[in-house]
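> Have a peek at my_file-v4.cif (mmCIF, C-alpha atoms).
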data_final
#
loop_
_atom_site.label_atom_id
_atom_site.label_comp_id
_atom_site.auth_asym_id
_atom_site.auth_seq_id
_atom_site.Cartn_x
_atom_site.Cartn_y
_atom_site.Cartn_z
CA MET A 999 6.10 0.67 44.88
CA LYS A 1000 3.90 -2.40 45.08
CA ASP A 1001 5.78 -5.62 45.83
CA PHE A 1002 3.86 -8.87 46.45
CA ARG A 1003 4.87 -12.55 46.73
CA ASN A 1004 2.93 -15.60 45.49
CA TYR A 1005 0.57 -13.21 43.73
CA SER A 1006 -2.52 -14.10 41.65
CA LEU A 1007 -2.53 -12.60 38.15
CA LYS A 1008 -6.24 -13.17 37.57
CA GLU A 1009 -6.95 -9.43 37.62
CA HIS A 1010 -3.99 -8.75 35.35
CA ASN A 1011 -5.05 -10.75 32.28
CA THR A 1012 -8.29 -10.25 30.38
CA PHE A 1013 -8.69 -13.98 29.73
CA GLY A 1014 -9.32 -14.29 33.47
CA ILE A 1015 -6.82 -17.11 33.98
CA ASP A 1016 -6.07 -17.61 37.69
CA ALA A 1017 -2.32 -18.21 37.47
CA LYS A 1018 0.18 -17.01 40.06
CA CYS A 1019 3.67 -15.54 39.94
CA ARG A 1020 6.42 -15.81 42.50
CA ARG A 1021 6.70 -12.02 42.80
CA PHE A 1022 4.74 -9.05 41.41
CA ILE A 1023 6.21 -5.53 41.29
CA GLU A 1024 4.56 -2.32 40.11
CA PHE A 1025 6.67 0.87 39.88
CA GLU A 1026 5.03 4.29 40.09
CA ASP A 1027 7.77 6.75 39.08
CA ASP A 1028 11.18 6.90 37.39
CA ASP A 1029 13.16 6.35 40.59
CA GLU A 1030 11.18 3.23 41.36
CA ALA A 1031 11.72 2.02 37.78
CA VAL A 1032 15.48 2.36 38.33
CA GLU A 1033 15.11 0.39 41.57
CA VAL A 1034 13.10 -2.34 39.81
CA ALA A 1035 15.72 -2.53 37.05
CA LYS A 1036 18.32 -3.22 39.75
CA ILE A 1037 16.13 -5.94 41.29
CA LEU A 1038 15.72 -7.63 37.90
CA ARG A 1039 19.40 -7.25 37.07
CA GLU A 1040 20.51 -8.90 40.30
CA SER A 1041 17.83 -11.59 40.42
CA ALA A 1042 18.51 -15.12 39.21
CA THR A 1043 14.82 -15.67 38.44
CA PRO A 1044 13.17 -15.00 35.06
CA TYR A 1045 10.89 -12.01 34.61
CA ILE A 1046 8.22 -10.71 32.26
CA ILE A 1047 6.92 -7.17 31.77
CA ILE A 1048 3.18 -6.73 31.32
CA GLY A 1049 0.73 -3.91 30.77
CA GLY A 1050 -3.00 -4.20 31.30
CA GLY A 1051 -2.93 -7.91 30.44
CA SER A 1052 -5.12 -7.51 27.35
CA ASN A 1053 -2.52 -9.23 25.17
CA LEU A 1054 -1.52 -11.99 27.56
CA LEU A 1055 -2.39 -15.68 27.81
CA LEU A 1056 -1.12 -17.51 30.89
CA THR A 1057 -0.78 -21.26 30.53
CA LYS A 1058 0.66 -21.98 33.99
CA ASP A 1059 2.00 -20.35 37.15
CA PHE A 1060 5.02 -18.16 36.45
CA ASP A 1061 8.02 -19.01 38.63
CA GLY A 1062 9.54 -15.59 38.43
CA ILE A 1063 8.91 -11.84 38.64
CA VAL A 1064 6.09 -10.02 36.87
CA VAL A 1065 6.63 -6.28 36.42
CA ARG A 1066 4.07 -3.62 35.55
CA SER A 1067 4.21 0.15 35.21
CA GLY A 1068 1.94 2.20 37.45
CA ILE A 1069 3.21 5.57 36.18
CA LYS A 1070 0.29 7.95 35.65
CA GLY A 1071 -0.13 11.46 34.35
CA TYR A 1072 0.02 13.27 31.03
CA CYS A 1073 0.92 16.69 29.63
CA PHE A 1074 0.53 18.64 26.38
CA GLU A 1075 3.24 20.75 24.78
CA GLU A 1076 3.21 22.80 21.61
CA SER A 1077 6.11 21.65 19.47
CA GLY A 1078 7.96 23.05 16.50
CA ASP A 1079 10.22 20.08 15.93
CA ARG A 1080 7.79 18.16 13.72
CA SER A 1081 4.92 19.23 11.52
CA GLN A 1082 2.11 17.39 9.80
CA GLU A 1083 1.08 18.18 6.25
CA SER A 1084 -2.61 18.81 5.84
CA GLY A 1085 -4.69 18.00 2.80
CA ASP A 1086 -4.18 21.42 1.23
CA GLY A 1087 -0.40 21.24 1.60
CA SER A 1088 -0.19 23.66 4.54
CA GLN A 1089 1.61 22.79 7.75
CA GLU A 1090 0.01 22.36 11.17
CA THR A 1091 1.51 22.78 14.59
CA VAL A 1092 2.04 19.42 16.24
CA VAL A 1093 1.07 19.02 19.87
CA ARG A 1094 3.22 16.67 21.88
CA MET A 1095 1.20 14.56 24.32
CA THR A 1096 3.39 12.70 26.82
CA CYS A 1097 1.63 10.00 28.85
CA GLY A 1098 2.71 7.82 31.74
CA SER A 1099 3.15 4.22 30.61
CA GLY A 1100 0.68 3.00 33.24
CA GLU A 1101 -2.21 5.11 31.95
CA ALA A 1102 -5.04 3.24 30.25
CA TRP A 1103 -4.75 3.83 26.50
CA ASP A 1104 -8.42 4.58 25.91
CA ASP A 1105 -8.47 7.12 28.73
CA MET A 1106 -5.74 9.02 26.89
CA VAL A 1107 -7.71 8.91 23.63
CA ALA A 1108 -10.71 10.45 25.42
CA THR A 1109 -8.47 13.00 27.15
CA SER A 1110 -6.84 14.15 23.90
CA ILE A 1111 -10.18 14.73 22.18
CA LYS A 1112 -11.57 16.62 25.17
CA ALA A 1113 -8.49 18.85 25.12
CA GLY A 1114 -8.99 19.61 21.43
CA TYR A 1115 -6.02 17.62 20.09
CA TYR A 1116 -6.59 15.01 17.41
CA GLY A 1117 -5.17 11.87 15.83
CA MET A 1118 -5.94 9.09 18.31
CA GLU A 1119 -9.68 8.71 17.68
CA ASN A 1120 -9.48 5.71 15.29
CA LEU A 1121 -7.74 3.76 18.06
CA SER A 1122 -10.62 4.21 20.50
CA LEU A 1123 -11.55 1.43 22.92
CA ILE A 1124 -8.40 -0.62 22.33
CA PRO A 1125 -7.69 -2.16 25.74
CA GLY A 1126 -4.34 -2.01 27.49
CA ASP A 1127 -1.87 0.56 28.77
CA VAL A 1128 0.08 3.35 27.08
CA GLY A 1129 3.36 1.46 27.45
CA ALA A 1130 1.92 -1.49 25.54
CA SER A 1131 0.96 0.78 22.64
CA ALA A 1132 4.66 1.38 21.98
CA VAL A 1133 5.55 -2.31 22.32
CA GLN A 1134 2.70 -3.87 20.33
CA ASN A 1135 2.18 -1.05 17.80
CA ILE A 1136 -1.55 -1.34 18.37
CA GLY A 1137 -3.74 -0.58 15.38
CA ALA A 1138 -7.31 -0.38 14.11
CA TYR A 1139 -9.42 1.27 11.43
CA GLY A 1140 -6.59 2.19 9.10
CA MET A 1141 -3.97 3.48 11.50
CA GLU A 1142 -1.38 2.33 14.04
CA ALA A 1143 0.17 3.77 17.19
CA SER A 1144 3.41 4.21 15.24
CA ASP A 1145 1.63 6.86 13.13
CA LEU A 1146 1.50 8.97 16.28
CA ILE A 1147 4.51 7.99 18.41
CA LEU A 1148 7.28 10.58 18.46
CA CYS A 1149 9.49 9.06 21.14
CA VAL A 1150 9.57 6.52 23.96
CA TRP A 1151 11.08 7.12 27.40
CA MET A 1152 12.45 4.18 29.38
CA ILE A 1153 14.95 2.72 31.83
CA GLU A 1154 17.47 0.19 30.55
CA ILE A 1155 17.38 -2.87 32.80
CA PRO A 1156 21.03 -4.02 32.35
CA THR A 1157 22.43 -0.58 33.31
CA GLY A 1158 19.63 1.31 35.07
CA LYS A 1159 20.22 4.26 32.73
CA PRO A 1160 17.44 6.39 31.24
CA TRP A 1161 16.86 6.28 27.46
CA MET A 1162 14.80 8.32 25.06
CA ILE A 1163 14.43 6.95 21.54
CA GLY A 1164 12.65 8.22 18.47
CA ASN A 1165 10.05 6.50 16.35
CA GLU A 1166 12.43 5.27 13.65
CA GLU A 1167 14.69 3.51 16.15
CA CYS A 1168 11.74 1.38 17.28
CA GLU A 1169 11.55 -0.18 13.77
CA TYR A 1170 7.78 -0.42 13.79
CA GLY A 1171 5.91 -2.82 11.53
CA TYR A 1172 2.51 -4.49 11.55
CA ARG A 1173 2.01 -5.38 15.25
CA GLN A 1174 5.79 -5.38 15.61
CA SER A 1175 8.60 -3.36 17.17
CA ARG A 1176 12.11 -3.87 18.47
CA PHE A 1177 10.54 -4.20 21.93
CA LYS A 1178 9.15 -7.56 20.79
CA GLN A 1179 12.38 -8.59 19.08
CA ASP A 1180 15.97 -7.75 20.07
CA TRP A 1181 14.86 -5.34 22.82
CA LYS A 1182 12.51 -7.80 24.51
CA ASN A 1183 12.76 -7.50 28.33
CA ARG A 1184 15.58 -4.94 27.99
CA PHE A 1185 13.65 -1.80 28.96
CA LEU A 1186 11.05 -0.58 31.42
CA ILE A 1187 8.97 1.97 29.49
CA THR A 1188 8.09 4.97 31.64
CA ARG A 1189 6.41 7.37 29.18
CA VAL A 1190 5.39 7.67 25.54
CA THR A 1191 5.14 10.92 23.57
CA TYR A 1192 2.63 11.18 20.72
CA GLY A 1193 2.28 13.84 18.02
CA LEU A 1194 -1.26 15.19 17.70
CA ALA A 1195 -2.83 17.94 15.62
CA ARG A 1196 -4.97 20.96 16.48
CA THR A 1197 -7.09 20.44 13.36
CA PHE A 1198 -9.30 17.36 13.14
CA ARG A 1199 -9.03 15.52 9.83
CA PRO A 1200 -11.07 12.28 9.97
CA ARG A 1201 -9.75 9.00 8.59
CA LEU A 1202 -12.83 7.18 7.35
CA GLY A 1203 -11.54 4.91 4.61
CA TYR A 1204 -11.26 1.67 6.59
CA GLY A 1205 -13.99 -0.69 7.76
CA ASN A 1206 -17.57 0.48 8.05
CA VAL A 1207 -16.96 3.72 9.95
CA ARG A 1208 -18.06 5.94 7.07
CA ALA A 1209 -21.16 3.79 6.45
CA GLU A 1210 -22.20 4.05 10.10
CA LEU A 1211 -21.75 7.82 10.06
CA GLU A 1212 -23.87 8.08 6.90
CA ARG A 1213 -26.52 5.85 8.45
CA LYS A 1214 -26.76 8.36 11.29
CA GLY A 1215 -26.91 11.26 8.84
CA ILE A 1216 -23.52 12.64 9.86
CA THR A 1217 -21.66 14.11 6.87
CA GLU A 1218 -19.04 16.22 8.65
CA PRO A 1219 -18.23 14.31 11.84
CA THR A 1220 -16.43 15.67 14.86
CA ALA A 1221 -13.63 13.67 16.48
CA GLN A 1222 -15.98 12.70 19.30
CA GLN A 1223 -18.56 11.41 16.80
CA VAL A 1224 -15.91 9.27 15.06
CA ARG A 1225 -14.82 7.96 18.45
CA ASP A 1226 -18.41 7.18 19.43
CA ILE A 1227 -19.01 5.29 16.17
CA ILE A 1228 -15.86 3.23 16.57
CA ILE A 1229 -16.78 2.43 20.18
CA ASP A 1230 -20.23 1.29 19.04
CA ILE A 1231 -18.75 -0.91 16.29
CA ARG A 1232 -16.22 -2.50 18.64
CA ASN A 1233 -18.80 -3.10 21.37
CA ALA A 1234 -21.12 -4.76 18.84
CA LYS A 1235 -18.56 -7.32 17.71
CA LEU A 1236 -16.17 -7.76 20.64
CA PRO A 1237 -17.19 -9.36 23.95
CA ASP A 1238 -16.65 -7.55 27.24
CA PRO A 1239 -13.74 -9.37 28.96
CA LYS A 1240 -15.41 -8.76 32.33
CA VAL A 1241 -18.28 -10.95 31.10
CA MET A 1242 -16.42 -13.40 28.86
CA GLY A 1243 -12.65 -13.62 29.11
CA ASN A 1244 -10.79 -12.73 25.92
CA ALA A 1245 -7.82 -10.77 24.59
CA GLY A 1246 -9.53 -9.12 21.63
CA SER A 1247 -8.03 -10.11 18.30
CA PHE A 1248 -6.13 -13.31 19.02
CA PHE A 1249 -4.42 -13.65 15.63
CA MET A 1250 -2.57 -11.23 13.39
CA ASN A 1251 -3.90 -10.75 9.88
CA PRO A 1252 -1.39 -12.42 7.54
CA ILE A 1253 0.37 -10.43 4.85
CA VAL A 1254 0.98 -12.44 1.67
CA THR A 1255 2.64 -11.80 -1.66
CA ARG A 1256 0.59 -10.45 -4.53
CA GLN A 1257 1.12 -13.74 -6.37
CA LYS A 1258 -0.19 -15.73 -3.41
CA TYR A 1259 -3.20 -13.42 -3.08
CA GLU A 1260 -4.11 -13.72 -6.77
CA LYS A 1261 -3.98 -17.52 -6.55
CA LEU A 1262 -6.31 -17.51 -3.53
CA ALA A 1263 -8.62 -14.88 -5.05
CA ALA A 1264 -9.14 -17.14 -8.07
CA GLN A 1265 -10.31 -19.88 -5.70
CA HIS A 1266 -12.24 -17.56 -3.34
CA PRO A 1267 -13.63 -14.59 -5.33
CA ASP A 1268 -15.40 -13.15 -2.27
CA MET A 1269 -12.23 -13.09 -0.15
CA PRO A 1270 -11.73 -9.67 1.49
CA HIS A 1271 -8.28 -8.13 1.28
CA TYR A 1272 -6.39 -4.90 1.92
CA LYS A 1273 -3.50 -3.61 -0.16
CA VAL A 1274 -0.27 -3.22 1.81
CA ASP A 1275 1.95 -2.16 -1.08
CA SER A 1276 2.44 -3.05 -4.74
CA ARG A 1277 3.72 -6.51 -3.84
CA HIS A 1278 1.72 -7.50 -0.77
CA GLU A 1279 -1.90 -7.92 0.37
CA LYS A 1280 -3.34 -8.38 3.85
CA ILE A 1281 -6.01 -11.07 4.25
CA PRO A 1282 -8.31 -11.00 7.32
CA ALA A 1283 -7.54 -13.98 9.54
CA GLY A 1284 -11.07 -13.80 10.97
CA TRP A 1285 -12.58 -14.40 7.52
CA MET A 1286 -10.40 -17.47 6.97
CA ILE A 1287 -11.24 -18.84 10.41
CA GLU A 1288 -14.93 -18.37 9.67
CA GLN A 1289 -14.55 -20.16 6.32
CA CYS A 1290 -13.09 -23.09 8.23
CA GLY A 1291 -16.29 -23.34 10.26
CA TRP A 1292 -14.93 -22.21 13.62
CA LYS A 1293 -17.06 -19.11 14.23
CA GLY A 1294 -19.17 -19.67 17.36
CA LYS A 1295 -17.69 -23.16 17.93
CA SER A 1296 -15.95 -24.44 21.04
CA LEU A 1297 -13.26 -26.87 22.00
CA GLY A 1298 -13.91 -27.73 25.61
CA ARG A 1299 -14.28 -24.56 27.65
CA ALA A 1300 -12.48 -22.43 25.06
CA GLY A 1301 -14.35 -21.08 22.07
CA VAL A 1302 -14.50 -18.75 19.09
CA HIS A 1303 -16.73 -15.71 19.51
CA ASP A 1304 -19.98 -15.95 17.58
CA LYS A 1305 -19.76 -12.37 16.25
CA GLN A 1306 -16.05 -12.12 15.44
CA ALA A 1307 -14.05 -15.22 14.54
CA LEU A 1308 -10.76 -13.46 15.26
CA VAL A 1309 -11.59 -13.50 18.97
CA LEU A 1310 -11.00 -16.56 21.15
CA VAL A 1311 -12.95 -16.62 24.41
CA ASN A 1312 -12.94 -18.27 27.80
CA ARG A 1313 -16.46 -19.66 28.09
CA GLY A 1314 -15.96 -20.27 31.79
CA GLY A 1315 -13.15 -21.96 33.69
CA ALA A 1316 -10.94 -22.57 30.66
CA THR A 1317 -7.24 -22.99 31.28
CA GLY A 1318 -4.57 -21.31 29.19
CA SER A 1319 -3.65 -24.72 27.80
CA GLU A 1320 -7.22 -25.25 26.56
CA ILE A 1321 -7.11 -21.92 24.71
CA VAL A 1322 -3.75 -22.85 23.20
CA ALA A 1323 -5.22 -26.18 22.02
CA LEU A 1324 -8.05 -24.29 20.30
CA CYS A 1325 -5.52 -21.91 18.76
CA ASP A 1326 -3.49 -24.81 17.38
CA ALA A 1327 -6.56 -26.53 15.91
CA ILE A 1328 -7.63 -23.32 14.15
CA ARG A 1329 -4.16 -22.67 12.77
CA GLN A 1330 -4.01 -26.19 11.35
CA ASP A 1331 -7.38 -25.85 9.62
CA VAL A 1332 -6.46 -22.48 8.10
CA LYS A 1333 -3.16 -23.91 6.88
CA THR A 1334 -4.94 -26.89 5.31
CA LYS A 1335 -7.63 -24.83 3.57
CA PHE A 1336 -5.66 -21.75 2.51
CA ASP A 1337 -1.99 -22.78 2.82
CA ILE A 1338 -1.42 -19.74 5.03
CA ASP A 1339 0.19 -19.70 8.46
CA ILE A 1340 -1.60 -17.43 10.91
CA HIS A 1341 0.18 -16.42 14.10
CA PRO A 1342 -1.08 -15.36 17.54
CA GLU A 1343 -0.88 -11.70 18.35
CA VAL A 1344 -1.27 -12.62 22.02
CA ASN A 1345 1.80 -13.18 24.17
CA ILE A 1346 1.59 -16.79 25.42
CA VAL A 1347 3.44 -17.44 28.70
#
Any chance you could give the structure as structure tokens?


Amino acid sequence: MKDFRNYSLKEHNTFGIDAKCRRFIEFEDDDEAVEVAKILRESATPYIIIGGGSNLLLTKDFDGIVVRSGIKGYCFEESGDRSQESGDGSQETVVRMTCGSGEAWDDMVATSIKAGYYGMENLSLIPGDVGASAVQNIGAYGMEASDLILCVWMIEIPTGKPWMIGNEECEYGYRQSRFKQDWKNRFLITRVTYGLARTFRPRLGYGNVRAELERKGITEPTAQQVRDIIIDIRNAKLPDPKVMGNAGSFFMNPIVTRQKYEKLAAQHPDMPHYKVDSRHEKIPAGWMIEQCGWKGKSLGRAGVHDKQALVLVNRGGATGSEIVALCDAIRQDVKTKFDIDIHPEVNIV
């Protein structure tokens, strides 16, 4: 178990903010997670649980304990307890892939495809750890982690007891879960089990994935080809945090009522949108931010990426407070122009 005092978190947040914490602990197996739970339970200081730091904005030093999972490893298991219906109505065997919460998410996507198990490919190149996928319900290109998660394994901090909960108990929604609500800071996630398929069935209906495949002359793509296309698309529009600090998509895309959408569509006929259900539409926050003139602009040392307005960046030496100030200015302009509140997806500490 790693246990450091007065520890810099610069390497643990992709914005590259050099803030410190009083104590940093990383557990590497279940027994150490139980020990860490005891430390947190008996400590009078506050604590936060982080993953790879790709969804974290530090605004100051943290006078408490920062905890991270270092649990590695994965395994595959044929399962008969859940099946997936294919396009022709037949049933497929589901493969259970259980991953340590400290594994890098994208490494597990690559591993699953190499092993011949499919389902994760649309979520390629999303930064962060496996444990965070269950907390944040990460999503991209028409799917979310909750489409794959079968169960989550964890240690309860108040008791030190192990838990295993199923997908439905997590109450997943758009970028939401109970881990961000009433279960916040209650559990140390140790592993996540995903349900994958032996047969690859591509999901190409979202974004420009299909168009890029067609441009390359690929009509029947493999899972690796879909992954490669998505990686290319993400690399083209998202800055490398090692070069320019960022946390990927900073804001969640707002979901509005159908009535609200129709009112806005009458005013902005070119406004992109995605149907959520019969009563709700999702409007891209990046498009609204761009319409407000923020794309490529800066406020001090914090800025909006010039290729994707949903991404806020550290142009060099920015503090967390400067990025928050930029966030607040953008939110106000979007509210004024569209009468819509947009909210950060990033955890601000």

> Residues at most 12 Å from Thr1043 in chain A, counting only C-alpha atoms, excluding those fewer than 6 positions away in the same chain, as a PDB file with C-alpha atoms, in the coordinates of the input?


ATOM      1  CA  CYS A1019       3.670 -15.540  39.940  1.00  0.00           C
ATOM      2  CA  ARG A1020       6.420 -15.810  42.500  1.00  0.00           C
ATOM      3  CA  ARG A1021       6.700 -12.020  42.800  1.00  0.00           C
ATOM      4  CA  ILE A1037      16.130  -5.940  41.290  1.00  0.00           C
ATOM      5  CA  PHE A1060       5.020 -18.160  36.450  1.00  0.00           C
ATOM      6  CA  ASP A1061       8.020 -19.010  38.630  1.00  0.00           C
ATOM      7  CA  GLY A1062       9.540 -15.590  38.430  1.00  0.00           C
ATOM      8  CA  ILE A1063       8.910 -11.840  38.640  1.00  0.00           C
ATOM      9  CA  VAL A1064       6.090 -10.020  36.870  1.00  0.00           C
TER      10      VAL A1064
END

> Could you name the residues that touch range 1181-1196 of chain A at 8 Å or less, counting all atoms listed in the file, but leaving out those on the same chain fewer than 3 positions away, as a tab-separated table (two decimals) with C-alpha atoms, in the coordinates of the input?


chain	number	residue	atom	x	y	z
A	1027	ASP	CA	7.77	6.75	39.08
A	1028	ASP	CA	11.18	6.90	37.39
A	1031	ALA	CA	11.72	2.02	37.78
A	1035	ALA	CA	15.72	-2.53	37.05
A	1045	TYR	CA	10.89	-12.01	34.61
A	1046	ILE	CA	8.22	-10.71	32.26
A	1047	ILE	CA	6.92	-7.17	31.77
A	1067	SER	CA	4.21	0.15	35.21
A	1069	ILE	CA	3.21	5.57	36.18
A	1082	GLN	CA	2.11	17.39	9.80
A	1090	GLU	CA	0.01	22.36	11.17
A	1091	THR	CA	1.51	22.78	14.59
A	1092	VAL	CA	2.04	19.42	16.24
A	1093	VAL	CA	1.07	19.02	19.87
A	1094	ARG	CA	3.22	16.67	21.88
A	1095	MET	CA	1.20	14.56	24.32
A	1096	THR	CA	3.39	12.70	26.82
A	1097	CYS	CA	1.63	10.00	28.85
A	1098	GLY	CA	2.71	7.82	31.74
A	1099	SER	CA	3.15	4.22	30.61
A	1100	GLY	CA	0.68	3.00	33.24
A	1114	GLY	CA	-8.99	19.61	21.43
A	1115	TYR	CA	-6.02	17.62	20.09
A	1116	TYR	CA	-6.59	15.01	17.41
A	1117	GLY	CA	-5.17	11.87	15.83
A	1118	MET	CA	-5.94	9.09	18.31
A	1128	VAL	CA	0.08	3.35	27.08
A	1129	GLY	CA	3.36	1.46	27.45
A	1132	ALA	CA	4.66	1.38	21.98
A	1146	LEU	CA	1.50	8.97	16.28
A	1147	ILE	CA	4.51	7.99	18.41
A	1148	LEU	CA	7.28	10.58	18.46
A	1149	CYS	CA	9.49	9.06	21.14
A	1150	VAL	CA	9.57	6.52	23.96
A	1151	TRP	CA	11.08	7.12	27.40
A	1152	MET	CA	12.45	4.18	29.38
A	1153	ILE	CA	14.95	2.72	31.83
A	1154	GLU	CA	17.47	0.19	30.55
A	1155	ILE	CA	17.38	-2.87	32.80
A	1156	PRO	CA	21.03	-4.02	32.35
A	1176	ARG	CA	12.11	-3.87	18.47
A	1177	PHE	CA	10.54	-4.20	21.93
A	1178	LYS	CA	9.15	-7.56	20.79

> Determine the residue membership of the PyMOL selection byres ((chain A and resi 1246) around 9) for the file above and supply it as a list in words.

Thr1012, Ser1052, Asn1053, Ile1124, Pro1125, Leu1236, Pro1237, Pro1239, Asn1244, Ala1245, Ser1247, Phe1248, Leu1308, Val1309, Leu1310, Val1311 and Val1344 of chain A

> Counting only C-alpha atoms, which of A:Thr1057, A:Gly1205, A:Asp1105, A:Gly1294 gets nearest to Lys1070 in chain A?

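Answer, going by the shortest atom-to-atom distance: A:Asp1105.
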
> Need the shell around Ala1300 in chain A: protein/DNA/RNA residues with any atom at most 12 Å away, counting only C-alpha atoms. Skip same-chain ones fewer than 2 positions apart. Format as an MDAnalysis selection string?

chainID A and resid 1013 1015 1242:1244 1292 1294:1298 1302:1303 1309:1325 1327:1328

> For range 1224-1241 of chain A, supply N, CA, C and O atoms and format the output as a short mmCIF file (atom, residue, chain, number, x, y, z; two decimals), in the coordinates of the input.


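Saved as rebuild_33.cif:
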data_model
loop_
_atom_site.label_atom_id
_atom_site.label_comp_id
_atom_site.auth_asym_id
_atom_site.auth_seq_id
_atom_site.Cartn_x
_atom_site.Cartn_y
_atom_site.Cartn_z
N VAL A 1224 -16.67 10.41 15.61
CA VAL A 1224 -15.91 9.27 15.06
C VAL A 1224 -15.56 8.30 16.18
O VAL A 1224 -15.71 7.08 16.03
N ARG A 1225 -15.13 8.82 17.31
CA ARG A 1225 -14.82 7.96 18.45
C ARG A 1225 -16.05 7.18 18.89
O ARG A 1225 -15.97 5.97 19.13
N ASP A 1226 -17.19 7.85 18.98
CA ASP A 1226 -18.41 7.18 19.43
C ASP A 1226 -18.82 6.06 18.47
O ASP A 1226 -19.23 4.97 18.91
N ILE A 1227 -18.67 6.31 17.16
CA ILE A 1227 -19.01 5.29 16.17
C ILE A 1227 -18.10 4.08 16.30
O ILE A 1227 -18.55 2.92 16.28
N ILE A 1228 -16.81 4.33 16.46
CA ILE A 1228 -15.86 3.23 16.57
C ILE A 1228 -16.11 2.43 17.86
O ILE A 1228 -16.05 1.20 17.87
N ILE A 1229 -16.44 3.12 18.94
CA ILE A 1229 -16.78 2.43 20.18
C ILE A 1229 -18.01 1.55 19.98
O ILE A 1229 -18.05 0.39 20.42
N ASP A 1230 -19.02 2.08 19.30
CA ASP A 1230 -20.23 1.29 19.04
C ASP A 1230 -19.92 0.05 18.20
O ASP A 1230 -20.42 -1.05 18.48
N ILE A 1231 -19.10 0.22 17.16
CA ILE A 1231 -18.75 -0.91 16.29
C ILE A 1231 -17.99 -1.97 17.08
O ILE A 1231 -18.29 -3.17 16.98
N ARG A 1232 -17.02 -1.54 17.88
CA ARG A 1232 -16.22 -2.50 18.64
C ARG A 1232 -17.07 -3.21 19.69
O ARG A 1232 -16.94 -4.41 19.90
N ASN A 1233 -17.95 -2.47 20.36
CA ASN A 1233 -18.80 -3.10 21.37
C ASN A 1233 -19.76 -4.11 20.75
O ASN A 1233 -20.13 -5.10 21.39
N ALA A 1234 -20.17 -3.86 19.50
CA ALA A 1234 -21.12 -4.76 18.84
C ALA A 1234 -20.48 -6.09 18.46
O ALA A 1234 -21.17 -7.11 18.38
N LYS A 1235 -19.19 -6.09 18.20
CA LYS A 1235 -18.56 -7.32 17.71
C LYS A 1235 -17.55 -7.95 18.67
O LYS A 1235 -17.12 -9.09 18.45
N LEU A 1236 -17.16 -7.23 19.72
CA LEU A 1236 -16.17 -7.76 20.64
C LEU A 1236 -16.79 -7.95 22.02
O LEU A 1236 -17.45 -7.05 22.54
N PRO A 1237 -16.59 -9.11 22.63
CA PRO A 1237 -17.19 -9.36 23.95
C PRO A 1237 -16.47 -8.59 25.05
O PRO A 1237 -15.27 -8.34 24.98
N ASP A 1238 -17.21 -8.21 26.07
CA ASP A 1238 -16.65 -7.55 27.24
C ASP A 1238 -15.85 -8.58 28.04
O ASP A 1238 -16.41 -9.58 28.50
N PRO A 1239 -14.53 -8.37 28.23
CA PRO A 1239 -13.74 -9.37 28.96
C PRO A 1239 -14.17 -9.57 30.40
O PRO A 1239 -13.87 -10.60 31.00
N LYS A 1240 -14.91 -8.59 30.96
CA LYS A 1240 -15.41 -8.76 32.33
C LYS A 1240 -16.55 -9.76 32.37
O LYS A 1240 -16.85 -10.32 33.42
N VAL A 1241 -17.18 -9.98 31.20
CA VAL A 1241 -18.28 -10.95 31.10
C VAL A 1241 -17.79 -12.27 30.54
O VAL A 1241 -18.15 -13.35 31.03
#
